[in-house]
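Peer 1: Supplied structure: input.cif, mmCIF, C-alpha atoms.
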```cif
data_structure
#
loop_
_atom_site.label_atom_id
_atom_site.label_comp_id
_atom_site.auth_asym_id
_atom_site.auth_seq_id
_atom_site.Cartn_x
_atom_site.Cartn_y
_atom_site.Cartn_z
CA MET A 1 -9.28 -7.46 17.67
CA VAL A 2 -12.38 -8.53 15.78
CA GLU A 3 -11.56 -10.24 12.48
CA THR A 4 -12.86 -8.60 9.33
CA THR A 5 -13.49 -9.85 5.82
CA LEU A 6 -10.84 -9.03 3.23
CA SER A 7 -12.86 -6.16 1.84
CA HIS A 8 -13.59 -4.69 5.27
CA SER A 9 -9.95 -4.98 6.29
CA PHE A 10 -9.58 -1.61 4.58
CA TYR A 11 -11.38 0.10 7.45
CA ALA A 12 -9.48 -1.77 10.15
CA PHE A 13 -6.12 -1.12 8.48
CA GLU A 14 -6.88 2.55 7.90
CA ALA A 15 -7.77 2.96 11.58
CA LEU A 16 -4.70 1.07 12.77
CA LEU A 17 -2.40 3.06 10.52
CA GLN A 18 -3.40 6.25 12.30
CA GLU A 19 -0.60 5.00 14.60
CA PRO A 20 1.80 3.62 11.95
CA GLU A 21 4.76 3.11 14.26
CA LEU A 22 2.64 0.94 16.57
CA TYR A 23 0.58 -1.00 14.04
CA GLY A 24 2.40 -0.81 10.69
CA SER A 25 4.13 -4.17 11.10
CA TYR A 26 0.86 -5.81 12.15
CA VAL A 27 -1.06 -4.44 9.16
CA PHE A 28 1.53 -5.35 6.55
CA GLY A 29 2.17 -8.72 8.19
CA LYS A 30 -1.55 -9.48 7.94
CA ILE A 31 -1.59 -8.42 4.29
CA GLU A 32 1.38 -10.71 3.64
CA ARG A 33 -0.29 -13.65 5.40
CA ASP A 34 -3.84 -13.27 4.05
CA TRP A 35 -3.18 -12.12 0.50
CA GLY A 36 0.08 -14.05 0.31
CA SER A 37 -1.83 -17.27 0.95
CA MET A 38 -3.72 -16.63 -2.28
CA LEU A 39 -0.48 -16.27 -4.23
CA TYR A 40 0.95 -19.44 -2.72
CA ARG A 41 -2.20 -21.25 -3.87
CA GLY A 42 -1.72 -20.05 -7.45
CA ALA A 43 -3.95 -16.97 -7.55
CA THR A 44 -3.41 -14.47 -10.34
CA SER A 45 -6.00 -12.02 -8.96
CA PHE A 46 -7.42 -11.18 -5.54
CA TRP A 47 -10.17 -13.45 -4.24
CA GLU A 48 -13.37 -12.46 -2.47
CA THR A 49 -12.32 -14.43 0.62
CA ILE A 50 -9.26 -16.33 1.75
CA LYS A 51 -11.07 -19.58 0.90
CA GLY A 52 -11.41 -18.55 -2.75
CA ALA A 53 -13.80 -20.62 -4.86
CA ASP A 54 -14.43 -22.99 -1.96
CA ASP A 55 -16.40 -20.33 -0.09
CA PHE A 56 -20.15 -19.70 -0.50
CA ALA A 57 -20.96 -23.30 -1.45
CA LYS A 58 -18.24 -23.36 -4.13
CA ALA A 59 -19.38 -19.99 -5.56
CA GLY A 60 -16.63 -17.75 -4.17
CA SER A 61 -15.24 -15.13 -6.54
CA LEU A 62 -11.63 -15.55 -7.65
CA CYS A 63 -11.41 -12.02 -9.03
CA HIS A 64 -12.87 -9.53 -6.61
CA GLY A 65 -12.05 -5.82 -6.73
CA TRP A 66 -13.08 -5.24 -3.13
CA SER A 67 -10.16 -7.40 -2.04
CA ALA A 68 -7.56 -5.37 -3.95
CA ILE A 69 -6.82 -3.15 -0.96
CA PRO A 70 -3.12 -4.14 -0.64
CA VAL A 71 -2.47 -2.03 -3.74
CA TYR A 72 -3.81 1.06 -1.95
CA PHE A 73 -1.90 0.37 1.27
CA TYR A 74 1.40 -0.35 -0.50
CA GLN A 75 1.10 2.85 -2.55
CA THR A 76 -0.16 5.07 0.25
CA TYR A 77 1.84 3.81 3.21
CA LEU A 78 4.87 1.78 2.09
CA LEU A 79 5.74 4.04 -0.84
CA GLY A 80 4.21 6.99 0.99
CA VAL A 81 2.42 8.64 -1.95
CA LYS A 82 -0.90 10.28 -1.03
CA PRO A 83 -2.89 12.52 -3.38
CA LEU A 84 -3.62 15.95 -1.92
CA GLU A 85 -5.51 17.15 -5.00
CA PRO A 86 -7.49 15.29 -7.67
CA GLY A 87 -5.32 13.41 -10.16
CA PHE A 88 -2.28 13.68 -7.87
CA ARG A 89 -1.69 17.26 -9.12
CA ARG A 90 -0.29 17.79 -5.64
CA PHE A 91 0.77 14.80 -3.57
CA SER A 92 2.59 14.13 -0.33
CA LEU A 93 5.51 11.77 0.05
CA THR A 94 5.78 10.23 3.52
CA PRO A 95 6.96 6.60 3.43
CA LEU A 96 6.31 4.33 6.39
CA GLY A 97 9.88 3.48 7.33
CA SER A 98 9.02 1.38 10.37
CA VAL A 99 7.98 -1.66 8.30
CA LEU A 100 10.65 -1.96 5.59
CA ASP A 101 14.19 -0.73 5.04
CA LYS A 102 13.52 0.06 1.39
CA ALA A 103 10.75 0.21 -1.18
CA SER A 104 10.24 1.25 -4.78
CA GLY A 105 7.30 1.45 -7.11
CA THR A 106 5.38 3.31 -9.77
CA ILE A 107 1.98 4.94 -9.31
CA PRO A 108 -0.03 5.65 -12.46
CA THR A 109 -1.84 8.99 -12.53
CA PRO A 110 -3.94 10.71 -15.22
CA HIS A 111 -0.86 12.88 -15.93
CA GLY A 112 1.75 10.10 -16.10
CA ALA A 113 3.66 7.93 -13.67
CA ILE A 114 5.04 8.91 -10.28
CA GLU A 115 8.13 6.79 -9.54
CA VAL A 116 9.44 6.45 -5.99
CA SER A 117 12.43 4.64 -4.58
CA TRP A 118 13.56 5.02 -0.97
CA HIS A 119 15.84 3.33 1.52
CA LYS A 120 16.95 3.80 5.10
CA GLU A 121 20.62 4.27 5.83
CA GLN A 122 22.09 5.08 9.25
CA GLY A 123 18.77 6.39 10.56
CA ALA A 124 18.04 8.66 7.60
CA VAL A 125 15.72 8.04 4.67
CA SER A 126 17.08 8.65 1.17
CA CYS A 127 14.49 9.02 -1.53
CA GLN A 128 14.33 9.46 -5.28
CA VAL A 129 11.05 10.61 -6.81
CA THR A 130 10.28 11.45 -10.42
CA HIS A 131 6.95 12.73 -11.66
CA PRO A 132 5.47 14.49 -14.67
CA ASP A 133 5.83 18.24 -15.05
CA GLY A 134 2.89 20.03 -13.51
CA LEU A 135 2.65 17.73 -10.49
CA VAL A 136 3.89 19.03 -7.15
CA CYS A 137 5.46 16.74 -4.55
CA GLN A 138 5.15 17.84 -0.92
CA ARG A 139 7.79 16.04 1.13
CA ASP A 140 7.66 15.65 4.89
CA SER A 141 10.43 16.70 7.25
CA ILE A 142 12.56 13.52 7.33
CA ASN A 143 16.01 13.51 5.73
CA TRP A 144 15.69 13.39 1.95
CA GLU A 145 18.04 12.99 -0.96
CA SER A 146 16.88 15.01 -3.99
#
```
Since I need it in another form, could you write the structure as structure tokens?

Peer 2:
Amino acid sequence: MVETTLSHSFYAFEALLQEPELYGSYVFGKIERDWGSMLYRGATSFWETIKGADDFAKAGSLCHGWSAIPVYFYQTYLLGVKPLEPGFRRFSLTPLGSVLDKASGTIPTPHGAIEVSWHKEQGAVSCQVTHPDGLVCQRDSINWES
């Protein structure tokens, strides 16, 4: 596969995750390696490139929004929350269970927080989701706990 910059990894990851069972571990492993290396080097924000300030003749950005894509992929794929209407008024809940055995997190929306916690147990996925009144959660067909 052709390597991409951090910001363009979005497009590669989105394409690979069209087959999440095949490529989910690769995508989230790459996020852990590339973005994790920033954390291990003391970063408190996402850098423009893996080299940080050392890139571009010592002019690399140490706070670069284009590199914040792990937030999107964790929310959308690991937690499984995808907006189906503006402002998450209707959202789907389909966690990617092939990468982790459990995940939890909070997604801010204009209407308040969506909180999700899920875990796998004996082949089934148990999930707790809370969200503000007025939002509608569309769950997929896997085994759910209300």

Peer 1: Pick the closest to His8 of chain A from A:Leu79, A:Val99, A:Ile69, A:Leu84: which is it, counting all atoms listed in the file?

Peer 2: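 Counting all atoms listed in the file, the residue closest to His8 of chain A is A:Ile69.
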
Peer 1: Would you list the residues near (4.5, -3.3, 12.3), meaning any protein, DNA or RNA residue with an atom at most 12 Å from that point in file coordinates, counting only C-alpha atoms, as a PyMOL selection string?

Peer 2: chain A and resi 13+16-17+19-32+77-78+96-100

Peer 1: For the provided coordinates, the residues matched by the PyMOL selection byres ((chain A and resi 118) around 8) should be stated as a list of chain:residue names.

Peer 2: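 This file gives the following for the PyMOL selection byres ((chain A and resi 118) around 8): A:Leu79, A:Lys102, A:Ala103, A:Ser104, A:Val116, A:Ser117, A:His119, A:Lys120, A:Val125, A:Ser126, A:Cys127, A:Gln128.
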
Peer 1: I'd like the interatomic distance between atom CA of Arg139 of chain A and atom CA of Ser9 of chain A, to a tenth of an Å.

Peer 2: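 Atom CA of Ser9 of chain A lies at a distance of 28.0 Å from atom CA of Arg139 of chain A.
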
Peer 1: Could you tell me how far atom CA of Ser7 of chain A lies from atom CA of Lys51 of chain A, in Å and to one decimal?

Peer 2: 13.6 Å

Peer 1: Calculated over all atoms listed in the file, which of the candidates A:Leu62, A:Ala124, A:Leu6, A:Cys137 has the smallest distance to Asp101 of chain A?

Peer 2: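 The shortest atom-to-atom distance to Asp101 of chain A comes from A:Ala124.
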
Peer 1: Do you have the atom CA of Gly65 of chain A-atom CA of Arg90 of chain A distance handy?

Peer 2: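 The value is 26.4 Å.
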
Peer 1: Here is a test: counting all atoms listed in the file, which residue of A:Pro110, A:Pro70, A:Gly42, A:Gly123 is nearest to Arg89 of chain A?

Peer 2: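 The shortest atom-to-atom distance to Arg89 of chain A comes from A:Pro110.
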
Peer 1: So, with only C-alpha atoms as the atoms that count, which of A:Cys63, A:Val81, A:Leu93, A:Leu39 lies closest to Thr106 of chain A?

Peer 2: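 Between A:Cys63, A:Val81, A:Leu93, A:Leu39, the residue approaching Thr106 of chain A most closely is A:Val81.
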